[in-house]
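Structure file work-v1.txt (compact mmCIF, C-alpha atoms) follows.
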# COMPACT_ATOMS: atom_id res chain seq x y z
CA MET A 1 -68.54 -103.26 124.47
CA SER A 2 -67.71 -105.26 121.38
CA PHE A 3 -68.16 -103.43 118.07
CA ASN A 4 -69.80 -106.54 116.61
CA LYS A 5 -72.15 -107.32 119.49
CA LYS A 6 -75.80 -107.68 118.41
CA LYS A 7 -79.15 -107.49 120.15
CA ASP A 8 -82.51 -108.99 119.18
CA THR A 9 -85.37 -106.65 118.29
CA LEU A 10 -88.70 -106.90 116.48
CA LEU A 11 -86.74 -105.85 113.36
CA GLY A 12 -84.27 -108.69 113.81
CA GLN A 13 -80.71 -108.46 115.08
CA ILE A 14 -79.07 -105.03 115.09
CA PRO A 15 -75.80 -103.70 116.53
CA ASP A 16 -75.87 -103.27 120.28
CA ASP A 17 -75.03 -99.55 120.03
CA TRP A 18 -77.98 -98.76 117.72
CA GLU A 19 -81.37 -97.71 119.06
CA ILE A 20 -84.99 -98.23 118.04
CA PHE A 21 -87.66 -95.65 118.85
CA SER A 22 -91.32 -95.41 117.94
CA VAL A 23 -92.41 -92.65 115.61
CA GLN A 24 -94.17 -90.97 118.53
CA GLU A 25 -91.01 -91.09 120.65
CA LEU A 26 -89.05 -89.38 117.85
CA VAL A 27 -91.78 -86.73 117.67
CA ASP A 28 -91.52 -86.20 121.44
CA MET A 29 -87.72 -85.94 121.09
CA ASP A 30 -88.14 -83.20 118.43
CA ILE A 31 -86.41 -85.36 115.82
CA LEU A 32 -89.54 -85.81 113.69
CA GLU A 33 -92.55 -83.60 113.16
CA LYS A 34 -95.94 -85.27 113.57
CA PRO A 35 -96.52 -87.40 110.45
CA MET A 36 -99.42 -86.18 108.35
CA ASP A 37 -101.45 -87.57 105.47
CA GLY A 38 -103.93 -85.92 103.10
CA ASN A 39 -107.43 -84.57 103.63
CA HIS A 40 -110.23 -87.02 104.35
CA GLY A 41 -113.99 -86.84 103.85
CA SER A 42 -115.58 -83.68 102.51
CA LEU A 43 -112.24 -81.90 102.28
CA HIS A 44 -110.82 -84.47 99.86
CA PRO A 45 -110.56 -82.85 96.39
CA VAL A 46 -113.00 -84.12 93.73
CA ASN A 47 -112.81 -84.11 89.93
CA LYS A 48 -114.09 -80.55 89.53
CA ASP A 49 -111.18 -79.30 91.70
CA PHE A 50 -108.47 -80.55 89.36
CA VAL A 51 -106.76 -78.29 86.83
CA ASN A 52 -104.21 -78.78 84.04
CA ASN A 53 -101.32 -77.19 85.93
CA GLY A 54 -100.67 -76.08 89.48
CA ILE A 55 -99.92 -77.80 92.78
CA PRO A 56 -99.16 -81.52 92.24
CA PHE A 57 -101.75 -83.76 93.94
CA ILE A 58 -99.96 -86.99 94.77
CA MET A 59 -101.70 -90.34 95.12
CA ALA A 60 -100.12 -93.70 95.96
CA SER A 61 -100.17 -94.61 92.26
CA ASP A 62 -97.97 -91.58 91.51
CA ILE A 63 -95.13 -93.00 93.63
CA LYS A 64 -93.19 -95.47 91.50
CA ASN A 65 -89.76 -97.05 91.89
CA GLY A 66 -88.84 -94.78 94.78
CA LYS A 67 -89.76 -91.54 92.99
CA ILE A 68 -92.76 -89.27 92.48
CA ASP A 69 -94.06 -89.46 88.92
CA TYR A 70 -95.27 -85.95 88.17
CA SER A 71 -96.09 -86.85 84.56
CA SER A 72 -99.21 -88.78 85.58
CA CYS A 73 -100.42 -86.91 88.66
CA LYS A 74 -103.36 -84.53 88.98
CA PHE A 75 -103.06 -80.85 89.90
CA LEU A 76 -104.86 -78.36 92.12
CA SER A 77 -104.92 -74.60 91.84
CA GLU A 78 -103.10 -72.75 94.60
CA GLU A 79 -106.40 -71.20 95.66
CA THR A 80 -108.02 -74.64 96.09
CA SER A 81 -105.03 -76.10 97.89
CA LYS A 82 -105.00 -73.31 100.47
CA LYS A 83 -108.54 -74.26 101.50
CA LEU A 84 -107.27 -77.67 102.61
CA LYS A 85 -106.19 -78.32 106.19
CA LYS A 86 -103.30 -80.77 105.85
CA GLY A 87 -101.22 -82.89 103.49
CA PHE A 88 -98.79 -80.11 102.52
CA ALA A 89 -95.51 -81.93 101.77
CA VAL A 90 -92.32 -79.96 101.12
CA GLU A 91 -88.77 -80.57 99.88
CA GLY A 92 -87.00 -83.23 101.91
CA ASP A 93 -90.13 -84.94 103.23
CA VAL A 94 -90.13 -88.74 103.10
CA LEU A 95 -93.38 -90.15 101.68
CA LEU A 96 -94.86 -93.51 102.68
CA THR A 97 -98.02 -95.02 101.18
CA HIS A 98 -100.27 -96.60 103.77
CA LYS A 99 -103.64 -97.45 102.22
CA ALA A 100 -104.41 -100.22 99.68
CA THR A 101 -100.99 -99.75 98.09
CA ILE A 102 -98.74 -100.21 101.10
CA GLY A 103 -95.08 -99.32 101.52
CA ARG A 104 -94.12 -97.26 98.48
CA THR A 105 -91.60 -94.55 99.33
CA ALA A 106 -90.11 -91.38 97.87
CA ILE A 107 -88.39 -88.17 98.93
CA VAL A 108 -89.92 -84.88 97.82
CA LYS A 109 -87.31 -83.05 95.77
CA ASN A 110 -86.84 -80.79 92.75
CA ILE A 111 -90.38 -79.43 92.95
CA LEU A 112 -91.32 -76.22 91.15
CA THR A 113 -93.97 -75.21 93.69
CA GLN A 114 -93.73 -74.30 97.37
CA TYR A 115 -95.33 -77.61 98.34
CA ILE A 116 -97.21 -80.61 96.96
CA MET A 117 -100.52 -82.03 98.19
CA LEU A 118 -101.09 -85.60 99.37
CA THR A 119 -104.13 -87.86 99.37
CA PRO A 120 -105.13 -89.82 102.48
CA GLN A 121 -103.23 -92.76 100.96
CA VAL A 122 -99.86 -91.08 101.57
CA THR A 123 -98.10 -89.89 104.75
CA TYR A 124 -95.21 -87.46 104.89
CA TYR A 125 -92.43 -87.85 107.47
CA ARG A 126 -90.58 -84.58 108.08
CA VAL A 127 -87.22 -84.68 109.87
CA LYS A 128 -86.72 -81.76 112.28
CA ASN A 129 -83.25 -82.66 113.55
CA LEU A 130 -80.95 -83.75 110.73
CA ARG A 131 -78.07 -84.10 113.19
CA GLU A 132 -79.87 -87.11 114.68
CA LEU A 133 -81.79 -88.53 111.69
CA ASP A 134 -80.87 -88.32 108.01
CA ASN A 135 -84.01 -88.11 105.83
CA LYS A 136 -82.38 -90.22 103.12
CA PHE A 137 -81.56 -92.86 105.71
CA LEU A 138 -85.21 -92.82 106.80
CA LYS A 139 -86.30 -93.46 103.21
CA TYR A 140 -83.91 -96.40 102.85
CA TYR A 141 -85.06 -97.73 106.23
CA PHE A 142 -88.66 -97.66 104.99
CA ASP A 143 -87.48 -99.68 101.96
CA TRP A 144 -85.86 -102.36 104.13
CA ASP A 145 -87.67 -105.71 103.87
CA ASN A 146 -87.78 -106.09 107.65
CA PHE A 147 -89.70 -102.82 107.97
CA GLN A 148 -91.84 -103.53 104.90
CA ASN A 149 -92.86 -106.92 106.29
CA LEU A 150 -93.78 -105.34 109.60
CA LEU A 151 -95.72 -102.57 107.86
CA HIS A 152 -97.70 -105.06 105.77
CA SER A 153 -98.35 -107.21 108.83
CA TRP A 154 -99.75 -104.29 110.82
CA SER A 155 -101.74 -102.92 107.89
CA ASN A 156 -103.52 -106.21 107.22
CA SER A 157 -104.72 -106.84 110.75
CA GLY A 158 -108.47 -106.49 111.26
CA SER A 159 -109.25 -104.94 107.90
CA THR A 160 -110.50 -106.21 104.55
CA ARG A 161 -108.42 -103.55 102.80
CA ALA A 162 -104.79 -102.97 103.72
CA TYR A 163 -104.56 -99.80 105.78
CA ILE A 164 -102.48 -98.36 108.57
CA GLY A 165 -103.68 -94.98 109.78
CA ILE A 166 -101.75 -92.12 111.31
CA THR A 167 -102.46 -93.23 114.89
CA ALA A 168 -101.11 -96.73 114.20
CA GLN A 169 -98.14 -95.31 112.30
CA ARG A 170 -97.03 -93.45 115.42
CA LYS A 171 -96.31 -96.84 116.99
CA LEU A 172 -94.07 -97.95 114.11
CA PRO A 173 -90.46 -98.65 115.09
CA ILE A 174 -87.74 -96.45 113.59
CA LEU A 175 -84.14 -97.67 113.58
CA LEU A 176 -81.76 -94.96 114.77
CA PRO A 177 -78.06 -95.80 114.32
CA LYS A 178 -75.38 -93.25 115.11
CA ILE A 179 -75.47 -90.46 112.55
CA LYS A 180 -72.08 -91.50 111.11
CA ASP A 181 -73.53 -94.96 110.49
CA GLN A 182 -76.57 -93.41 108.83
CA LYS A 183 -74.34 -91.30 106.57
CA PHE A 184 -72.26 -94.36 105.67
CA ILE A 185 -75.37 -96.31 104.69
CA VAL A 186 -76.78 -93.39 102.69
CA ASN A 187 -73.50 -92.81 100.88
CA ILE A 188 -73.29 -96.39 99.63
CA LEU A 189 -76.92 -96.75 98.60
CA SER A 190 -77.33 -93.27 97.14
CA THR A 191 -74.21 -93.72 94.99
CA LEU A 192 -75.94 -96.68 93.35
CA ASP A 193 -79.26 -94.84 93.06
CA GLU A 194 -77.60 -91.78 91.53
CA LYS A 195 -76.00 -93.97 88.84
CA ILE A 196 -79.40 -95.57 88.16
CA GLU A 197 -80.99 -92.12 87.93
CA THR A 198 -78.24 -90.94 85.56
CA ASN A 199 -78.91 -93.96 83.34
CA ASN A 200 -82.63 -93.16 83.36
CA GLN A 201 -81.96 -89.56 82.36
CA ILE A 202 -79.63 -90.64 79.56
CA ASN A 203 -82.27 -93.07 78.30
CA GLU A 204 -84.93 -90.35 78.33
CA LYS A 205 -82.68 -88.17 76.18
CA LEU A 206 -81.83 -91.07 73.86
CA GLU A 207 -85.52 -91.87 73.44
CA GLU A 208 -86.37 -88.23 72.71
CA MET A 209 -83.53 -88.01 70.20
CA ALA A 210 -84.55 -91.25 68.50
CA GLN A 211 -88.20 -90.21 68.26
CA ALA A 212 -87.24 -86.84 66.82
CA LEU A 213 -84.99 -88.49 64.24
CA PHE A 214 -87.68 -91.04 63.36
CA LYS A 215 -90.19 -88.24 62.76
CA HIS A 216 -87.66 -86.23 60.77
CA TRP A 217 -86.98 -89.15 58.43
CA PHE A 218 -90.24 -91.11 58.28
CA VAL A 219 -92.89 -88.42 58.77
CA ASP A 220 -91.29 -85.20 57.52
CA PHE A 221 -89.27 -87.11 54.85
CA GLU A 222 -86.12 -85.12 55.56
CA PHE A 223 -83.76 -88.10 55.53
CA PRO A 224 -80.47 -87.36 53.74
CA ASN A 225 -80.48 -87.89 49.99
CA GLU A 226 -77.46 -89.18 48.04
CA ASN A 227 -75.85 -85.75 48.43
CA GLY A 228 -76.50 -85.62 52.16
CA GLU A 229 -79.24 -83.00 51.77
CA PRO A 230 -82.73 -83.19 53.37
CA TYR A 231 -84.77 -85.19 50.85
CA LYS A 232 -88.11 -83.35 50.75
CA SER A 233 -86.96 -79.77 51.22
CA SER A 234 -84.20 -80.19 48.63
CA GLY A 235 -86.70 -81.24 45.96
CA GLY A 236 -86.72 -85.02 46.27
CA GLU A 237 -89.28 -86.71 44.06
CA MET A 238 -92.63 -87.35 45.77
CA VAL A 239 -95.48 -89.56 44.54
CA GLU A 240 -99.18 -89.89 45.35
CA SER A 241 -100.33 -92.56 47.85
CA GLU A 242 -103.32 -93.30 50.09
CA LEU A 243 -101.47 -91.35 52.79
CA GLY A 244 -100.81 -88.41 50.52
CA MET A 245 -97.48 -87.55 48.92
CA ILE A 246 -94.60 -89.86 49.94
CA PRO A 247 -91.02 -90.29 48.67
CA LYS A 248 -90.66 -92.20 45.43
CA GLY A 249 -89.92 -95.88 46.05
CA TRP A 250 -91.61 -95.96 49.45
CA GLU A 251 -94.63 -98.18 50.16
CA VAL A 252 -97.69 -97.96 52.39
CA SER A 253 -98.20 -100.87 54.77
CA SER A 254 -99.79 -101.47 58.19
CA LEU A 255 -98.69 -102.31 61.73
CA ASP A 256 -99.83 -105.91 61.45
CA LYS A 257 -97.75 -106.39 58.29
CA ILE A 258 -94.43 -105.19 59.68
CA ALA A 259 -94.52 -107.23 62.93
CA ASP A 260 -96.14 -110.17 64.70
CA TYR A 261 -98.27 -109.57 67.80
CA LEU A 262 -98.37 -112.49 70.24
CA ASN A 263 -101.05 -112.19 72.92
CA GLY A 264 -100.12 -113.60 76.32
CA LEU A 265 -101.67 -116.48 78.22
CA PRO A 266 -104.31 -116.40 80.99
CA MET A 267 -101.63 -117.17 83.55
CA GLN A 268 -104.10 -118.07 86.30
CA LYS A 269 -104.44 -121.34 84.35
CA TYR A 270 -100.68 -121.92 84.38
CA ARG A 271 -99.87 -121.73 88.06
CA PRO A 272 -96.67 -123.58 89.01
CA LYS A 273 -97.27 -127.01 90.47
CA GLU A 274 -95.56 -128.11 93.66
CA ASP A 275 -91.77 -128.33 93.24
CA GLU A 276 -92.08 -126.96 89.68
CA LEU A 277 -89.79 -124.16 88.49
CA SER A 278 -91.65 -120.89 88.11
CA LEU A 279 -91.41 -117.49 86.42
CA LEU A 280 -92.69 -114.10 87.48
CA VAL A 281 -95.72 -113.02 85.45
CA LEU A 282 -95.54 -109.87 83.35
CA LYS A 283 -98.86 -108.04 83.63
CA ILE A 284 -99.82 -104.43 82.94
CA LYS A 285 -98.77 -103.43 86.48
CA GLU A 286 -95.27 -104.82 86.00
CA LEU A 287 -94.97 -103.21 82.56
CA ARG A 288 -95.98 -99.86 84.01
CA ASN A 289 -93.48 -100.16 86.88
CA GLY A 290 -90.69 -101.51 84.67
CA GLU A 291 -90.08 -104.53 86.90
CA PRO A 292 -91.89 -107.19 88.94
CA ASP A 293 -92.17 -106.94 92.72
CA ILE A 294 -92.69 -109.30 95.63
CA ASN A 295 -96.44 -109.29 95.00
CA SER A 296 -96.19 -110.27 91.33
CA ASP A 297 -97.84 -113.55 90.36
CA ARG A 298 -95.89 -116.60 89.25
CA CYS A 299 -96.49 -119.07 86.45
CA SER A 300 -95.00 -122.40 85.44
CA ALA A 301 -91.60 -122.17 83.78
CA ASN A 302 -92.77 -124.95 81.42
CA ILE A 303 -94.98 -122.71 79.28
CA GLU A 304 -94.16 -122.50 75.57
CA ASP A 305 -90.93 -120.63 74.86
CA LYS A 306 -92.71 -118.05 72.74
CA TYR A 307 -94.59 -116.81 75.83
CA ILE A 308 -91.37 -116.25 77.79
CA ILE A 309 -90.19 -112.64 77.88
CA ASN A 310 -86.52 -111.64 78.03
CA ASP A 311 -84.68 -108.34 78.38
CA GLY A 312 -84.96 -106.27 75.21
CA ASP A 313 -88.36 -107.60 74.11
CA ILE A 314 -90.92 -105.08 72.90
CA ILE A 315 -94.13 -105.33 74.94
CA PHE A 316 -97.36 -103.61 73.92
CA SER A 317 -100.29 -103.40 76.35
CA TRP A 318 -103.43 -103.36 74.19
CA SER A 319 -106.00 -103.39 77.01
CA GLY A 320 -106.54 -101.31 80.13
CA THR A 321 -103.53 -99.02 80.32
CA LEU A 322 -102.30 -98.83 76.72
CA MET A 323 -98.53 -98.44 76.53
CA ILE A 324 -95.46 -99.82 74.81
CA ASP A 325 -92.05 -100.36 76.33
CA ILE A 326 -88.73 -102.10 75.85
CA TRP A 327 -88.87 -104.63 78.68
CA CYS A 328 -85.69 -105.05 80.71
CA GLY A 329 -87.15 -106.29 83.97
CA GLY A 330 -85.89 -109.86 83.65
CA LYS A 331 -87.25 -113.17 82.45
CA CYS A 332 -91.05 -113.42 82.78
CA GLY A 333 -94.15 -115.19 81.52
CA LEU A 334 -96.36 -113.08 79.24
CA ASN A 335 -99.88 -112.53 80.57
CA GLN A 336 -102.96 -111.94 78.43
CA HIS A 337 -103.79 -108.34 77.44
CA LEU A 338 -100.14 -107.87 76.46
CA PHE A 339 -98.55 -108.38 73.05
CA LYS A 340 -94.98 -109.50 72.56
CA VAL A 341 -94.08 -107.74 69.32
CA THR A 342 -91.48 -109.30 67.04
CA SER A 343 -90.53 -109.26 63.37
CA GLN A 344 -88.59 -111.56 61.08
CA LYS A 345 -87.86 -108.71 58.68
CA TYR A 346 -87.44 -105.46 60.59
CA ASN A 347 -85.31 -104.33 63.50
CA LYS A 348 -87.25 -103.60 66.70
CA TRP A 349 -86.75 -99.83 66.48
CA PHE A 350 -88.83 -99.78 63.28
CA TYR A 351 -92.02 -101.29 64.67
CA TYR A 352 -91.44 -99.79 68.14
CA PHE A 353 -91.54 -96.22 66.86
CA TRP A 354 -94.34 -96.89 64.38
CA ILE A 355 -96.53 -98.26 67.20
CA LYS A 356 -95.62 -95.19 69.27
CA ARG A 357 -96.78 -92.97 66.39
CA HIS A 358 -100.24 -94.59 66.66
CA LEU A 359 -100.39 -94.94 70.46
CA ASP A 360 -102.42 -91.79 71.19
CA ARG A 361 -105.04 -92.88 68.66
CA PHE A 362 -105.14 -96.34 70.21
CA ILE A 363 -105.67 -94.78 73.65
CA ASN A 364 -108.59 -92.75 72.28
CA ILE A 365 -110.11 -95.89 70.74
CA ALA A 366 -109.79 -97.75 74.04
CA ASN A 367 -111.27 -94.85 76.02
CA SER A 368 -114.29 -94.77 73.71
CA LYS A 369 -115.21 -98.38 74.54
CA ALA A 370 -118.29 -98.71 76.74
CA THR A 371 -116.51 -101.21 78.98
CA THR A 372 -114.65 -101.08 82.27
CA MET A 373 -111.42 -102.07 80.53
CA GLY A 374 -110.95 -100.30 77.20
CA HIS A 375 -108.95 -102.05 74.52
CA ILE A 376 -108.11 -102.16 70.84
CA LYS A 377 -108.71 -104.98 68.34
CA ARG A 378 -106.41 -106.54 65.79
CA LYS A 379 -108.39 -104.71 63.11
CA ASP A 380 -107.05 -101.47 64.61
CA LEU A 381 -103.54 -102.71 63.86
CA THR A 382 -104.57 -103.39 60.27
CA ASP A 383 -106.08 -99.92 59.97
CA SER A 384 -102.91 -98.28 61.29
CA LYS A 385 -100.79 -97.38 58.30
CA VAL A 386 -97.01 -97.18 58.19
CA LEU A 387 -94.49 -96.33 55.50
CA ILE A 388 -91.82 -98.72 54.28
CA PRO A 389 -88.76 -96.81 53.01
CA THR A 390 -86.34 -97.92 50.33
CA SER A 391 -83.76 -100.44 51.53
CA ASN A 392 -81.05 -97.79 51.27
CA VAL A 393 -82.89 -95.38 53.61
CA TYR A 394 -83.83 -98.21 55.99
CA GLU A 395 -80.21 -99.36 56.31
CA LYS A 396 -79.00 -95.82 57.02
CA ALA A 397 -81.68 -95.41 59.68
CA ASN A 398 -80.91 -98.84 61.09
CA GLU A 399 -77.29 -97.88 61.70
CA ILE A 400 -78.38 -94.93 63.84
CA LEU A 401 -81.69 -95.94 65.44
CA GLY A 402 -80.65 -99.56 65.93
CA THR A 403 -77.59 -98.38 67.84
CA ILE A 404 -79.68 -96.03 70.00
CA ILE A 405 -82.15 -98.78 70.89
CA ASN A 406 -79.26 -101.11 71.82
CA ASP A 407 -77.76 -98.36 74.01
CA ILE A 408 -81.11 -97.91 75.77
CA ILE A 409 -81.39 -101.65 76.40
CA ASN A 410 -77.82 -101.87 77.71
CA LEU A 411 -78.36 -98.98 80.13
CA LYS A 412 -81.62 -100.51 81.35
CA ILE A 413 -79.89 -103.83 81.99
CA GLU A 414 -77.02 -102.07 83.79
CA SER A 415 -79.55 -100.28 86.01
CA LYS A 416 -81.27 -103.58 86.78
CA LYS A 417 -77.92 -105.01 87.92
CA LEU A 418 -77.23 -101.93 90.04
CA LYS A 419 -80.66 -102.30 91.67
CA ALA A 420 -79.85 -105.93 92.44
CA VAL A 421 -76.59 -104.88 94.13
CA ARG A 422 -78.45 -102.19 96.09
CA ASP A 423 -81.13 -104.66 97.18
CA ILE A 424 -78.45 -107.08 98.41
CA LEU A 425 -76.57 -104.37 100.30
CA LEU A 426 -79.58 -102.64 101.89
CA PRO A 427 -80.49 -105.37 104.42
CA LYS A 428 -76.81 -105.99 105.22
CA LEU A 429 -76.33 -102.30 105.96
CA MET A 430 -79.59 -101.92 107.91
CA SER A 431 -78.83 -104.93 110.10
CA GLY A 432 -75.29 -103.71 110.75
CA GLU A 433 -73.73 -106.71 109.03
CA ILE A 434 -71.78 -104.16 106.99
CA ARG A 435 -70.73 -101.15 109.06
CA VAL A 436 -68.77 -97.94 108.80
CA PRO A 437 -65.03 -98.70 109.17
CA LEU A 438 -63.73 -98.18 112.67
CA ASP A 439 -61.83 -94.95 113.14
CA ILE A 440 -58.59 -94.69 115.10
CA GLU A 441 -60.32 -93.32 118.21
CA THR A 442 -62.74 -96.24 118.30
CA LEU A 443 -59.88 -98.72 117.87
CA ALA A 444 -58.00 -97.03 120.69
CA GLU A 445 -61.06 -97.33 122.98
CA GLN A 446 -61.29 -101.05 122.29
CA SER A 447 -57.58 -101.81 122.80
Representation of the structure as structure tokens:
Amino acid sequence: MSFNKKKDTLLGQIPDDWEIFSVQELVDMDILEKPMDGNHGSLHPVNKDFVNNGIPFIMASDIKNGKIDYSSCKFLSEETSKKLKKGFAVEGDVLLTHKATIGRTAIVKNILTQYIMLTPQVTYYRVKNLRELDNKFLKYYFDWDNFQNLLHSWSNSGSTRAYIGITAQRKLPILLPKIKDQKFIVNILSTLDEKIETNNQINEKLEEMAQALFKHWFVDFEFPNENGEPYKSSGGEMVESELGMIPKGWEVSSLDKIADYLNGLPMQKYRPKEDELSLLVLKIKELRNGEPDINSDRCSANIEDKYIINDGDIIFSWSGTLMIDIWCGGKCGLNQHLFKVTSQKYNKWFYYFWIKRHLDRFINIANSKATTMGHIKRKDLTDSKVLIPTSNVYEKANEILGTIINDIINLKIESKKLKAVRDILLPKLMSGEIRVPLDIETLAEQS
């Protein structure tokens, strides 16, 4: 048999020596446990069941960019969780979303509890025989476009809302290469993902450090004086202002004075015409995820330049989910409900961290609105006060905080490039176009 011989399957062409089994067949072969989702009907937890800390309760929206986001999830007490019948996911389980939000994946890892709980939107796949199926390979297989397309096709049939239940999932095809091929694929893709994760962790630390330094200088007024000592605690001169006592020479201003806030366009009115170049549209969903996806809308590339977003731009969502981020998800068109924040006078770190200082208050304002989509008004920007330091203090801060922001942007862009490499390699590896190098024994068999 030729090493490069291929066969046609419903997943496309794969190497002749690779197999495809249904989920149910892998269960019958004791390679997988029966897939399980969360509790339906009366057993599904309701608002009164949730607590501040405890067992993470994972919904489809908590699975983002291939990971579980525990910072936004709800929690159940251990007592409440033990009353439930199913949906207990443990370390190593591969998660797959299957209702409304279809095809998001993650592996359960680094949890602080014995298990996590799932909603009926999420299924766990638990590998019983790791000698036959690598759980990381299974996760990457679920990410493969060929599988995703099949999953979406099956989930959209005969239903107004995308859904593929447990019974239908048991018929899903699972690619099963030789375990050495699985390990080869995992090694390549996980090396890229680990570098991306390292970059993310570095950026989290850089952001924390920058915010702490910003507070230390611009809120606590402990920036170094001319002798290198903390200004306020070493007796620096303070003067009265509408915000209380502030360092001498500093001024009170507002968010709308230190930056310009450009609201996006209603992009449904700027759809690309036939044969017209287009851009992905940056909406709140894309801002929250940090990147567009295959379902993101497109707009004409001929919109005004000022509405085009590039890596490094500061984007502030002022409606719905209020958040601010340094966008590094590629060139996009700016949708309404989002501000592109710029300044002719100040570096982006200055207005970025001042907006962050007011973000919790903005969220409270938006939540108090008697509407389905809370928001803030431009007047709220005017009412949000900031402090303008002396030019000497600003320049010192700019050397440090400007460098940190640039480092964050560079790492984000590097991660985007690594993701692009991973996304190019994944289908080539899954289809067998790129394979584990032949060992000497295999070469001998073919000679």
Practice prompt. Find the residues around segment 402-413 of chain A up to 9 Å (only C-alpha atoms counted), leave out those fewer than 4 positions away in its own chain, and share them as a VMD selection string.
Written response: chain A and resid 196 199 to 200 202 to 204 206 to 207 209 to 210 311 to 312 326 to 330 347 to 350 397 to 398 417 to 418
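Proximity of A:Glu399, A:Asp181, A:Glu242, A:Asp297 to Ile434 of chain A, computed with only C-alpha atoms, is greatest for A:Asp181.
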Starting from 3 Å padding per side, set up an axis-aligned box that covers all listed atoms of segment 424-440 of chain A and hand over centre and edge lengths in Å, one decimal, as AutoDock Vina command-line options.
--center_x -69.5 --center_y -100.9 --center_z 106.8 --size_x 27.9 --size_y 18.4 --size_z 22.7
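Residues in contact with Lys269 of chain A at up to 12 Å, not including ones fewer than 5 positions away on its chain and judged by all atoms listed in the file, are A:Gly264, A:Asp297, A:Arg298, A:Cys299, A:Ser300, A:Ile303, A:Asn335, A:Gln336.
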Worksheet entry | Nearest-residue call for Trp144 of chain A, choices A:Ala212, A:Val436, A:Leu425, A:Ile31, using all atoms listed in the file | A:Leu425
Worksheet entry | Residue among A:Ile63, A:Leu381, A:Met373, A:Leu84 lying closest to Arg288 of chain A, counting all atoms listed in the file |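 Nearest candidate to Arg288 of chain A out of A:Ile63, A:Leu381, A:Met373, A:Leu84: A:Ile63.
Of the listed residues A:Ile294, A:Val386, A:Val23, A:Met267, the one whose atoms come nearest to Gln169 of chain A is A:Val23, with distances taken using all atoms listed in the file.
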Discussion item. Need the shell around Pro292 of chain A: protein/DNA/RNA residues with any atom at most 8 Å away, counting only C-alpha atoms. Skip same-chain ones fewer than 3 positions apart. Format as a list of chain:residue names?
Written reply: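 Surrounding residues, per the criterion: A:Leu280, A:Val281, A:Leu282, A:Glu286, A:Asn289, A:Asn295, A:Ser296, A:Gly329.
Nearest to Asp16 of chain A of all the residues A:Gln201, A:Lys379, A:Val186, A:Leu176 is A:Leu176, based on all atoms listed in the file.
Residues surrounding Met117 of chain A within 8 Å are Gly38, Ile55, Pro56, Phe57, Ile58, Ser81, Gly87, Phe88 and Ala89 of chain A [only C-alpha atoms; sequence separation below 5 positions excluded].
Across the structure, atom CA of Thr9 of chain A and atom CA of Ile185 of chain A are spaced 19.8 Å apart.
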Worksheet entry | Separation of atom CA of Leu95 of chain A from atom CA of Asp134 of chain A, in Å and rounded to one decimal |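 For atom CA of Leu95 of chain A relative to atom CA of Asp134 of chain A, the distance reads 14.1 Å.
Closest approach to Phe362 of chain A among A:Trp318, A:Phe339, A:Tyr394, A:Trp250: A:Trp318, based on all atoms listed in the file.
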Practice prompt. Using only C-alpha atoms, collect all residues at a distance of at most 12 Å from (-92.6, -83.2, 113.0) as written in the file, then present them as a ChimeraX atom specification.
Written response: /A:23-36,89,93-94,123-130,170
Writing out the chosen residues with C-alpha atoms as a compact mmCIF listing (two decimals), in the frame of the given file:
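In the end it all went to out-v8.txt:
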# COMPACT_ATOMS: atom_id res chain seq x y z
CA VAL A 23 -92.41 -92.65 115.61
CA GLN A 24 -94.17 -90.97 118.53
CA GLU A 25 -91.01 -91.09 120.65
CA LEU A 26 -89.05 -89.38 117.85
CA VAL A 27 -91.78 -86.73 117.67
CA ASP A 28 -91.52 -86.20 121.44
CA MET A 29 -87.72 -85.94 121.09
CA ASP A 30 -88.14 -83.20 118.43
CA ILE A 31 -86.41 -85.36 115.82
CA LEU A 32 -89.54 -85.81 113.69
CA GLU A 33 -92.55 -83.60 113.16
CA LYS A 34 -95.94 -85.27 113.57
CA PRO A 35 -96.52 -87.40 110.45
CA MET A 36 -99.42 -86.18 108.35
CA ALA A 89 -95.51 -81.93 101.77
CA ASP A 93 -90.13 -84.94 103.23
CA VAL A 94 -90.13 -88.74 103.10
CA THR A 123 -98.10 -89.89 104.75
CA TYR A 124 -95.21 -87.46 104.89
CA TYR A 125 -92.43 -87.85 107.47
CA ARG A 126 -90.58 -84.58 108.08
CA VAL A 127 -87.22 -84.68 109.87
CA LYS A 128 -86.72 -81.76 112.28
CA ASN A 129 -83.25 -82.66 113.55
CA LEU A 130 -80.95 -83.75 110.73
CA ARG A 170 -97.03 -93.45 115.42
